[in-house]
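Data first, discussion second: the structure below is written as structure tokens.
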2 protein chains.
Amino acid sequence: MIIDIHNHIVAGGELGAYQAGLIASRGFHGKGHHGVTEESIKRARWRGHSHSDVLKEVGTDWAFISPRPYTMMHSEKPEKIVHWYCEAVNDTIALQCKLEPGRFRGVGGLPQCAGVSPKNTFDELDRCVKDLGFVGIMINPDPGEGDWQTPAMGEEYWYPLYEKLVQYDIPALVHGASCRNHRESFHGHFITEESVAILSLLNSKVFEDFPKLKLIISHGGGSVPYQAGRWRSQLRGPNDTENFDERLKKLYFDTALYNVESLDLLFKIAGPERCLFGTERPGAGSKKDPRTGRWYDDVRPTIESISWLSAEQKAQIFQKNAEVVFSRFKAH
Amino acid sequence: MIIDIHNHIVAGGELGAYQAGLIASRGFHGKGHHGVTEESIKRARWRGHSHSDVLKEVGTDWAFISPRPYTMMHSEKPEKIVHWYCEAVNDTIALQCKLEPGRFRGVGGLPQCAGVSPKNTFDELDRCVKDLGFVGIMINPDPGEGDWQTPAMGEEYWYPLYEKLVQYDIPALVHGASCRNHRESFHGHFITEESVAILSLLNSKVFEDFPKLKLIISHGGGSVPYQAGRWRSQLRGPNDTENFDERLKKLYFDTALYNVESLDLLFKIAGPERCLFGTERPGAGSKKDPRTGRWYDDVRPTIESISWLSAEQKAQIFQKNAEVVFSRFKAH
């Protein structure tokens with residue numbers, strides 16, 4: 001069974017139109033209705049194909065779908081429009097899951113805003129878990145989207161949210177969103193923010209304080225597995241003993257890397273027992289490699305080609321780790 | 001012959017005392033003298049050992065020494081104290097080279113300041129090349145040190161400096177400096193900034209406008225080689241053809257990565273013909289790996305252990321690429 005835990009909603013134009021209206025009005029016209037219906041979702045296409053077909057083409061059985069992160073506008077004001085849009089996106093995800101219950105499960109967006117407590121997201125978090133039946137949530141480590149004002153993820157600012165996640169026993173996919181800073185694209189900012197998040201977490205007491213916290217870092221952990229040597233040397237324990245590897249393995253990682261060398265490195269550094277199949281497909285890697293004619297984000301055959309991984313390790317990556325981490329998935 | 005192109009000065013306390021005085025007075029007491037002498041350099045030690053001995057221990061024949069980047073205080077004001085300190089550091093490097101002409105060559109720091117043109121560094125750049133006989137210079141992509149205000153390295157802001165480098169035929173080591181932002185350490189910021197620099201350069205016309213520009217990206221290219229798949233997909237040419245790999249190979253990379261998996265990936269993605277041996281030793285990796293008892297930054301045996309590299313490719317990495325890129329090295 002192939003479970004893709006890093007997958008984003010393919011929404012029709014209704015959601016974008018609703019969002020544009022909220023931004024233009026700054027919420028003056030009220031929340032209104034987002035206009036997404038079962039019919040509009042059935043019509044939604046990615047380059048002419050349904051989401052399901054895009055997944056079937058590469059042999060994916062289950063997709064855990066979250067909001068498309070770069071659209072989440074966490075840095076917009078006033079805060080209420082961030083909430084309204086996030087609710088609309090989660091409604092859309094819930095509808096998609098309802099329409100194809102044998103293909104999709106929901107990973108909810110949180111209406112995060114810079115400068116306020118993560119507690120402000122709890123109403124929507126409760127709704128995601130209790131009403132919508134989602135199996136995970138997504139955390140943006142930088143709700144200011146390039147303003148670098150929010151405390152990094154090792155700081156106590158985040159503790160109320162971690163407490164809530166542990167209570168619900170749901171994992172969080174750590175994933176950057178947009179970037180207002182002119183120096184990098186939102187894609188580049190994903191990698192930056194995921195790296196900042198990991199290093200802050202590894203250098204903190206978070207996993208002592210929340211030993212059951214389940215955080216999955218997107219895009220194979222940003223830069224950190226590649227820069228492992230630097231952190232083995234710099235992030236030492238109190239007696240100057242090495243503990244980077246041990247601490248790194250308190251996190252989980254997805255496999256949204258589109259070349260064999262990097263996947264090989266990820267599995268060697270983080271261990272196959274901490275890696276969950278996730279591709280973003282359709283998304284950043286949905287172009288064809290002109291050298292092979294294959295989709296970059298058709299990651300499964302690439303993982304299968306890594307000969308030192310045992311059949312059991314491959315099963316962990318494709319299925320079993322996801323079943324353990326997303327404990328609410330089995331419950332359905 | 002083993003040439004380490006990424007090596008920073010081991011300075012005595014005089015330089016730090018001079019810097020502290022400039023910061024405390026904000027330059028009110030004038031430039032004064034930095035107090036570094038041949039005698040003080042001879043006395044300078046890294047954990048009890050001379051710089052030369054630290055290099056000899058791992059078999060390094062030549063070291064190209066630059067300022068220790070995180071101390072360069074590019075974001076301090078007024079601008080004149082940044083200049084004065086930078087000149088003091090370059091003087092120190094020149095003295096070290098003069099004392100051991102068979103071991104060291106200089107890579108000059110530039111007195112970069114956020115919010116002003118890189119032309120303001122030209123007097124010191126001229127001095128480095130013409131008076132001090134340095135073989136390269138170092139560029140900090142983020143002189144604001146975490147304020148993210150300086151245009152990224154693909155922007156025309158940098159063109160006067162690129163023009164100057166090409167005129168002198170000297171390479172630049174691209175290396176972050178300090179970080180005032182509370183979200184990441186200066187070490188983390190190195191990786192962030194080097195990644196921002198690469199992506200901006202690859203997405204720009206810089207190498208069309210300066211085909212002879214020689215830029216060496218520190219720390220194995222930050223996150224970019226590891227995230228190659230993402231950029232192969234996203235940074236496509238005008239006809240949606242793949243050109244990330246071709247563009248990446250317009251840059252050079254050092255080998256300041258302290259584990260075999262990452263070095264292996266770097267050589268596969270960037271190609272051994274674009275990689276120059278560089279370790280920072282003594283620096284971030286100068287701790288012993290408790291599993292092996294070896295220094296992390298003893299990178300040479302790690303590279304030698306990579307069996308798919310030919311003897312010729314290893315010679316390129318350890319020596320020949322440096323001789324080509326640092327064309328002024330041979331001239332001495």
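Letters A, B, ... go to the chains of the structure tokens in the order shown; residues in each chain start at 1; ligands are counted from 1 in the same order.
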
Please determine the contact residues of chain B with respect to chain A at a cut-off of 8 Å, counting only C-alpha atoms, and supply them as an mmCIF file with C-alpha atoms, in the first residue's frame.
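part_1.cif written:
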data_model
loop_
_atom_site.group_PDB
_atom_site.id
_atom_site.type_symbol
_atom_site.label_atom_id
_atom_site.label_comp_id
_atom_site.auth_asym_id
_atom_site.auth_seq_id
_atom_site.Cartn_x
_atom_site.Cartn_y
_atom_site.Cartn_z
ATOM 1 C CA TRP B 148 17.454 40.667 4.607
ATOM 2 C CA PRO B 151 19.545 42.546 -2.890
ATOM 3 C CA ALA B 152 20.301 38.879 -3.523
ATOM 4 C CA ASN B 181 18.102 37.522 13.759
ATOM 5 C CA HIS B 182 17.100 35.515 16.827
ATOM 6 C CA ARG B 183 15.732 32.645 14.765
ATOM 7 C CA GLU B 184 18.990 31.135 13.627
ATOM 8 C CA GLY B 188 22.589 28.221 10.255
ATOM 9 C CA ILE B 191 23.673 27.780 5.007
ATOM 10 C CA THR B 192 20.598 29.932 4.442
ATOM 11 C CA VAL B 196 19.719 32.232 -1.265
ATOM 12 C CA LEU B 199 19.248 30.366 -6.285
ATOM 13 C CA SER B 200 19.326 34.070 -7.053
ATOM 14 C CA GLY B 222 24.178 25.265 1.472
ATOM 15 C CA SER B 223 20.987 23.329 0.771
ATOM 16 C CA VAL B 224 21.006 23.495 -3.016
ATOM 17 C CA TYR B 226 20.533 18.317 -1.733
ATOM 18 C CA GLN B 227 17.414 20.010 -3.071
ATOM 19 C CA ALA B 228 18.528 19.584 -6.708
ATOM 20 C CA GLY B 229 15.347 17.792 -7.794
ATOM 21 C CA ARG B 230 13.178 20.696 -6.723
ATOM 22 C CA SER B 233 11.743 21.115 -11.858
ATOM 23 C CA GLN B 234 11.274 24.758 -10.895
ATOM 24 C CA THR B 241 13.831 22.660 -20.809
ATOM 25 C CA GLU B 242 15.935 21.541 -17.916
ATOM 26 C CA LEU B 257 30.918 19.089 4.588
ATOM 27 C CA TYR B 258 31.931 16.658 7.295
ATOM 28 C CA ASN B 259 30.397 13.348 6.311
ATOM 29 C CA GLU B 261 27.255 10.885 2.254
ATOM 30 C CA SER B 262 27.109 14.640 1.696
ATOM 31 C CA LEU B 265 26.213 13.843 -3.171
ATOM 32 C CA LYS B 268 27.658 13.699 -8.053
ATOM 33 C CA ALA B 284 33.195 24.612 12.933
ATOM 34 C CA GLY B 285 34.318 21.029 12.354
ATOM 35 C CA SER B 286 37.281 20.989 14.720
ATOM 36 C CA LYS B 287 35.827 18.491 17.122
ATOM 37 C CA LYS B 288 36.474 14.781 17.229
ATOM 38 C CA ASP B 289 33.853 12.337 16.088
ATOM 39 C CA PRO B 290 33.407 10.066 19.143
ATOM 40 C CA TYR B 296 35.215 16.068 11.524
#

Looking only at the backbone, which of the residues in segment 278-329 of chain A does DSSP tag as helix (DSSP H, G or I), as a PDB file with N, CA and C atoms, in the first residue's frame?
ATOM      1  N   VAL A 299       8.162   9.579  -7.144  1.00  0.00           N
ATOM      2  CA  VAL A 299       9.290   9.275  -6.254  1.00  0.00           C
ATOM      3  C   VAL A 299       9.384   7.775  -5.941  1.00  0.00           C
ATOM      4  N   ARG A 300       8.265   7.086  -6.079  1.00  0.00           N
ATOM      5  CA  ARG A 300       8.237   5.672  -5.669  1.00  0.00           C
ATOM      6  C   ARG A 300       9.301   4.815  -6.363  1.00  0.00           C
ATOM      7  N   PRO A 301       9.379   4.830  -7.724  1.00  0.00           N
ATOM      8  CA  PRO A 301      10.405   3.982  -8.358  1.00  0.00           C
ATOM      9  C   PRO A 301      11.821   4.376  -7.944  1.00  0.00           C
ATOM     10  N   THR A 302      12.017   5.649  -7.638  1.00  0.00           N
ATOM     11  CA  THR A 302      13.352   6.091  -7.209  1.00  0.00           C
ATOM     12  C   THR A 302      13.701   5.448  -5.872  1.00  0.00           C
ATOM     13  N   ILE A 303      12.748   5.462  -4.955  1.00  0.00           N
ATOM     14  CA  ILE A 303      12.997   4.813  -3.660  1.00  0.00           C
ATOM     15  C   ILE A 303      13.187   3.309  -3.856  1.00  0.00           C
ATOM     16  N   GLU A 304      12.342   2.723  -4.696  1.00  0.00           N
ATOM     17  CA  GLU A 304      12.453   1.270  -4.934  1.00  0.00           C
ATOM     18  C   GLU A 304      13.812   0.893  -5.504  1.00  0.00           C
ATOM     19  N   ALA A 311      13.205  -4.862   1.968  1.00  0.00           N
ATOM     20  CA  ALA A 311      11.768  -4.834   1.659  1.00  0.00           C
ATOM     21  C   ALA A 311      10.998  -4.279   2.855  1.00  0.00           C
ATOM     22  N   GLU A 312      11.410  -4.647   4.052  1.00  0.00           N
ATOM     23  CA  GLU A 312      10.742  -4.165   5.253  1.00  0.00           C
ATOM     24  C   GLU A 312      10.909  -2.650   5.398  1.00  0.00           C
ATOM     25  N   GLN A 313      12.107  -2.154   5.131  1.00  0.00           N
ATOM     26  CA  GLN A 313      12.345  -0.709   5.219  1.00  0.00           C
ATOM     27  C   GLN A 313      11.519   0.045   4.180  1.00  0.00           C
ATOM     28  N   LYS A 314      11.411  -0.520   2.990  1.00  0.00           N
ATOM     29  CA  LYS A 314      10.581   0.127   1.966  1.00  0.00           C
ATOM     30  C   LYS A 314       9.119   0.142   2.401  1.00  0.00           C
ATOM     31  N   ALA A 315       8.684  -0.939   3.003  1.00  0.00           N
ATOM     32  CA  ALA A 315       7.296  -0.979   3.496  1.00  0.00           C
ATOM     33  C   ALA A 315       7.087   0.056   4.599  1.00  0.00           C
ATOM     34  N   GLN A 316       8.104   0.250   5.425  1.00  0.00           N
ATOM     35  CA  GLN A 316       8.006   1.305   6.445  1.00  0.00           C
ATOM     36  C   GLN A 316       7.803   2.662   5.784  1.00  0.00           C
ATOM     37  N   ILE A 317       8.637   2.942   4.796  1.00  0.00           N
ATOM     38  CA  ILE A 317       8.599   4.261   4.149  1.00  0.00           C
ATOM     39  C   ILE A 317       7.266   4.479   3.432  1.00  0.00           C
ATOM     40  N   PHE A 318       6.817   3.478   2.702  1.00  0.00           N
ATOM     41  CA  PHE A 318       5.620   3.651   1.870  1.00  0.00           C
ATOM     42  C   PHE A 318       4.319   3.581   2.669  1.00  0.00           C
ATOM     43  N   GLN A 319       4.344   2.870   3.781  1.00  0.00           N
ATOM     44  CA  GLN A 319       3.066   2.596   4.443  1.00  0.00           C
ATOM     45  C   GLN A 319       3.133   2.597   5.959  1.00  0.00           C
ATOM     46  N   LYS A 320       4.041   1.781   6.509  1.00  0.00           N
ATOM     47  CA  LYS A 320       3.931   1.462   7.935  1.00  0.00           C
ATOM     48  C   LYS A 320       4.228   2.645   8.842  1.00  0.00           C
ATOM     49  N   ASN A 321       5.225   3.454   8.485  1.00  0.00           N
ATOM     50  CA  ASN A 321       5.505   4.616   9.323  1.00  0.00           C
ATOM     51  C   ASN A 321       4.296   5.563   9.342  1.00  0.00           C
ATOM     52  N   ALA A 322       3.665   5.724   8.196  1.00  0.00           N
ATOM     53  CA  ALA A 322       2.487   6.602   8.122  1.00  0.00           C
ATOM     54  C   ALA A 322       1.364   6.065   9.013  1.00  0.00           C
ATOM     55  N   GLU A 323       1.190   4.750   9.025  1.00  0.00           N
ATOM     56  CA  GLU A 323       0.128   4.165   9.858  1.00  0.00           C
ATOM     57  C   GLU A 323       0.393   4.377  11.340  1.00  0.00           C
ATOM     58  N   VAL A 324       1.668   4.342  11.717  1.00  0.00           N
ATOM     59  CA  VAL A 324       2.016   4.571  13.124  1.00  0.00           C
ATOM     60  C   VAL A 324       1.853   6.048  13.480  1.00  0.00           C
ATOM     61  N   VAL A 325       2.417   6.910  12.645  1.00  0.00           N
ATOM     62  CA  VAL A 325       2.443   8.342  12.959  1.00  0.00           C
ATOM     63  C   VAL A 325       1.033   8.940  12.870  1.00  0.00           C
ATOM     64  N   SER A 327      -1.993   8.026  13.639  1.00  0.00           N
ATOM     65  CA  SER A 327      -2.726   6.967  14.332  1.00  0.00           C
ATOM     66  C   SER A 327      -4.229   7.059  14.061  1.00  0.00           C
ATOM     67  N   ARG A 328      -4.711   8.239  13.725  1.00  0.00           N
ATOM     68  CA  ARG A 328      -6.140   8.374  13.437  1.00  0.00           C
ATOM     69  C   ARG A 328      -6.523   7.832  12.062  1.00  0.00           C
ATOM     70  N   PHE A 329      -5.545   7.571  11.239  1.00  0.00           N
ATOM     71  CA  PHE A 329      -5.847   7.005   9.924  1.00  0.00           C
ATOM     72  C   PHE A 329      -6.432   5.603  10.070  1.00  0.00           C
TER      73      PHE A 329
END

Name all residues at most 12 Å from Arg103 of chain A (count only C-alpha atoms; drop same-chain ones fewer than 5 positions away) and give them as a compact mmCIF listing (two decimals) with N, CA and C atoms, in the first residue's frame.
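The resulting file, out30.txt, is reproduced below:
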# COMPACT_ATOMS: atom_id res chain seq x y z
N MET A 1 0.84 -1.20 0.00
CA MET A 1 0.00 0.00 0.00
C MET A 1 0.88 1.25 0.00
N ILE A 2 0.55 2.19 -0.84
CA ILE A 2 1.36 3.42 -0.96
C ILE A 2 0.54 4.59 -0.41
N ILE A 3 1.06 5.19 0.67
CA ILE A 3 0.39 6.34 1.29
C ILE A 3 1.28 7.56 1.07
N ASP A 4 0.73 8.58 0.42
CA ASP A 4 1.46 9.82 0.21
C ASP A 4 0.99 10.84 1.25
N ILE A 5 1.85 11.10 2.22
CA ILE A 5 1.42 11.96 3.34
C ILE A 5 1.62 13.45 3.06
N ASN A 7 0.61 15.84 0.39
CA ASN A 7 -0.20 16.03 -0.80
C ASN A 7 -1.10 17.23 -0.54
N HIS A 51 -7.51 15.00 -9.48
CA HIS A 51 -6.47 14.71 -8.50
C HIS A 51 -6.26 13.20 -8.38
N SER A 52 -7.36 12.49 -8.31
CA SER A 52 -7.29 11.03 -8.19
C SER A 52 -6.51 10.40 -9.34
N ASP A 53 -6.77 10.87 -10.55
CA ASP A 53 -6.08 10.30 -11.70
C ASP A 53 -4.58 10.60 -11.68
N VAL A 54 -4.26 11.79 -11.21
CA VAL A 54 -2.84 12.17 -11.11
C VAL A 54 -2.11 11.24 -10.13
N LEU A 55 -2.82 10.84 -9.08
CA LEU A 55 -2.23 9.91 -8.10
C LEU A 55 -2.17 8.49 -8.66
N LYS A 56 -3.27 8.07 -9.29
CA LYS A 56 -3.32 6.71 -9.84
C LYS A 56 -2.21 6.48 -10.85
N GLY A 59 0.62 5.24 -9.07
CA GLY A 59 0.41 4.09 -8.18
C GLY A 59 0.21 4.43 -6.72
N THR A 60 -0.23 5.65 -6.44
CA THR A 60 -0.47 6.04 -5.05
C THR A 60 -1.88 5.62 -4.63
N ASP A 61 -1.99 4.91 -3.51
CA ASP A 61 -3.29 4.42 -3.06
C ASP A 61 -4.03 5.46 -2.21
N TRP A 62 -3.30 6.04 -1.26
CA TRP A 62 -3.90 7.00 -0.34
C TRP A 62 -3.12 8.31 -0.37
N ALA A 63 -3.83 9.42 -0.29
CA ALA A 63 -3.16 10.71 -0.18
C ALA A 63 -3.73 11.46 1.01
N PHE A 64 -2.84 11.96 1.85
CA PHE A 64 -3.25 12.82 2.96
C PHE A 64 -3.11 14.25 2.47
N ILE A 65 -4.27 14.89 2.25
CA ILE A 65 -4.23 16.20 1.58
C ILE A 65 -4.37 17.36 2.56
N GLN A 96 -13.58 16.91 -0.32
CA GLN A 96 -12.83 15.99 -1.19
C GLN A 96 -12.72 14.61 -0.54
N CYS A 97 -12.45 14.59 0.77
CA CYS A 97 -12.34 13.31 1.49
C CYS A 97 -13.69 12.59 1.51
N LYS A 98 -14.75 13.36 1.66
CA LYS A 98 -16.09 12.76 1.68
C LYS A 98 -16.44 12.15 0.32
N PHE A 329 -5.55 7.57 11.24
CA PHE A 329 -5.85 7.01 9.92
C PHE A 329 -6.43 5.60 10.07

Original post:
If we count only C-alpha atoms, what is near His33 of chain A at a cut-off of 10 Å, once residues fewer than 3 positions away on the same chain are taken out, given as a PyMOL selection string?
Top reply: chain A and resi 18+30+36+84+88

Name all residues at most 8 Å from Glu194 of chain B (count only C-alpha atoms; drop same-chain ones fewer than 5 positions away) and give them as a compact mmCIF listing (two decimals) with all heavy atoms, in the first residue's frame.
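The result, stored in out14.txt:
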# COMPACT_ATOMS: atom_id res chain seq x y z
N PRO B 141 27.02 37.53 1.30
CA PRO B 141 25.81 37.87 0.53
C PRO B 141 24.81 38.72 1.31
O PRO B 141 23.88 39.25 0.72
CB PRO B 141 25.18 36.50 0.22
CG PRO B 141 26.09 35.47 0.76
CD PRO B 141 27.09 36.10 1.65
N VAL B 174 32.07 32.84 -1.49
CA VAL B 174 30.80 33.36 -0.99
C VAL B 174 30.53 32.70 0.36
O VAL B 174 30.45 31.46 0.45
CB VAL B 174 29.66 33.06 -1.99
CG1 VAL B 174 28.33 33.52 -1.45
CG2 VAL B 174 29.96 33.72 -3.33
N HIS B 175 30.39 33.52 1.39
CA HIS B 175 30.34 32.98 2.76
C HIS B 175 29.55 33.96 3.62
O HIS B 175 29.90 35.14 3.69
CB HIS B 175 31.78 32.85 3.29
CG HIS B 175 31.94 32.00 4.51
ND1 HIS B 175 31.18 32.15 5.64
CD2 HIS B 175 32.80 30.97 4.76
CE1 HIS B 175 31.56 31.25 6.54
NE2 HIS B 175 32.53 30.51 6.02
N GLY B 176 28.50 33.49 4.28
CA GLY B 176 27.75 34.33 5.20
C GLY B 176 28.61 34.81 6.35
O GLY B 176 29.74 34.33 6.54
N ILE B 217 31.05 28.72 -3.75
CA ILE B 217 30.05 28.74 -2.69
C ILE B 217 30.54 27.85 -1.54
O ILE B 217 30.90 26.69 -1.75
CB ILE B 217 28.68 28.24 -3.19
CG1 ILE B 217 28.29 28.93 -4.51
CG2 ILE B 217 27.62 28.47 -2.12
CD1 ILE B 217 28.03 30.40 -4.45
N SER B 218 30.52 28.42 -0.35
CA SER B 218 31.02 27.70 0.83
C SER B 218 30.08 26.59 1.26
O SER B 218 28.91 26.56 0.88
CB SER B 218 31.19 28.67 2.00
OG SER B 218 32.10 29.69 1.66
N GLY B 221 27.63 24.38 -0.87
CA GLY B 221 26.47 24.95 -1.56
C GLY B 221 25.21 25.01 -0.72
O GLY B 221 24.10 25.03 -1.27
N GLY B 222 25.36 25.07 0.61
CA GLY B 222 24.18 25.26 1.47
C GLY B 222 23.22 24.10 1.36
O GLY B 222 23.56 22.97 1.64
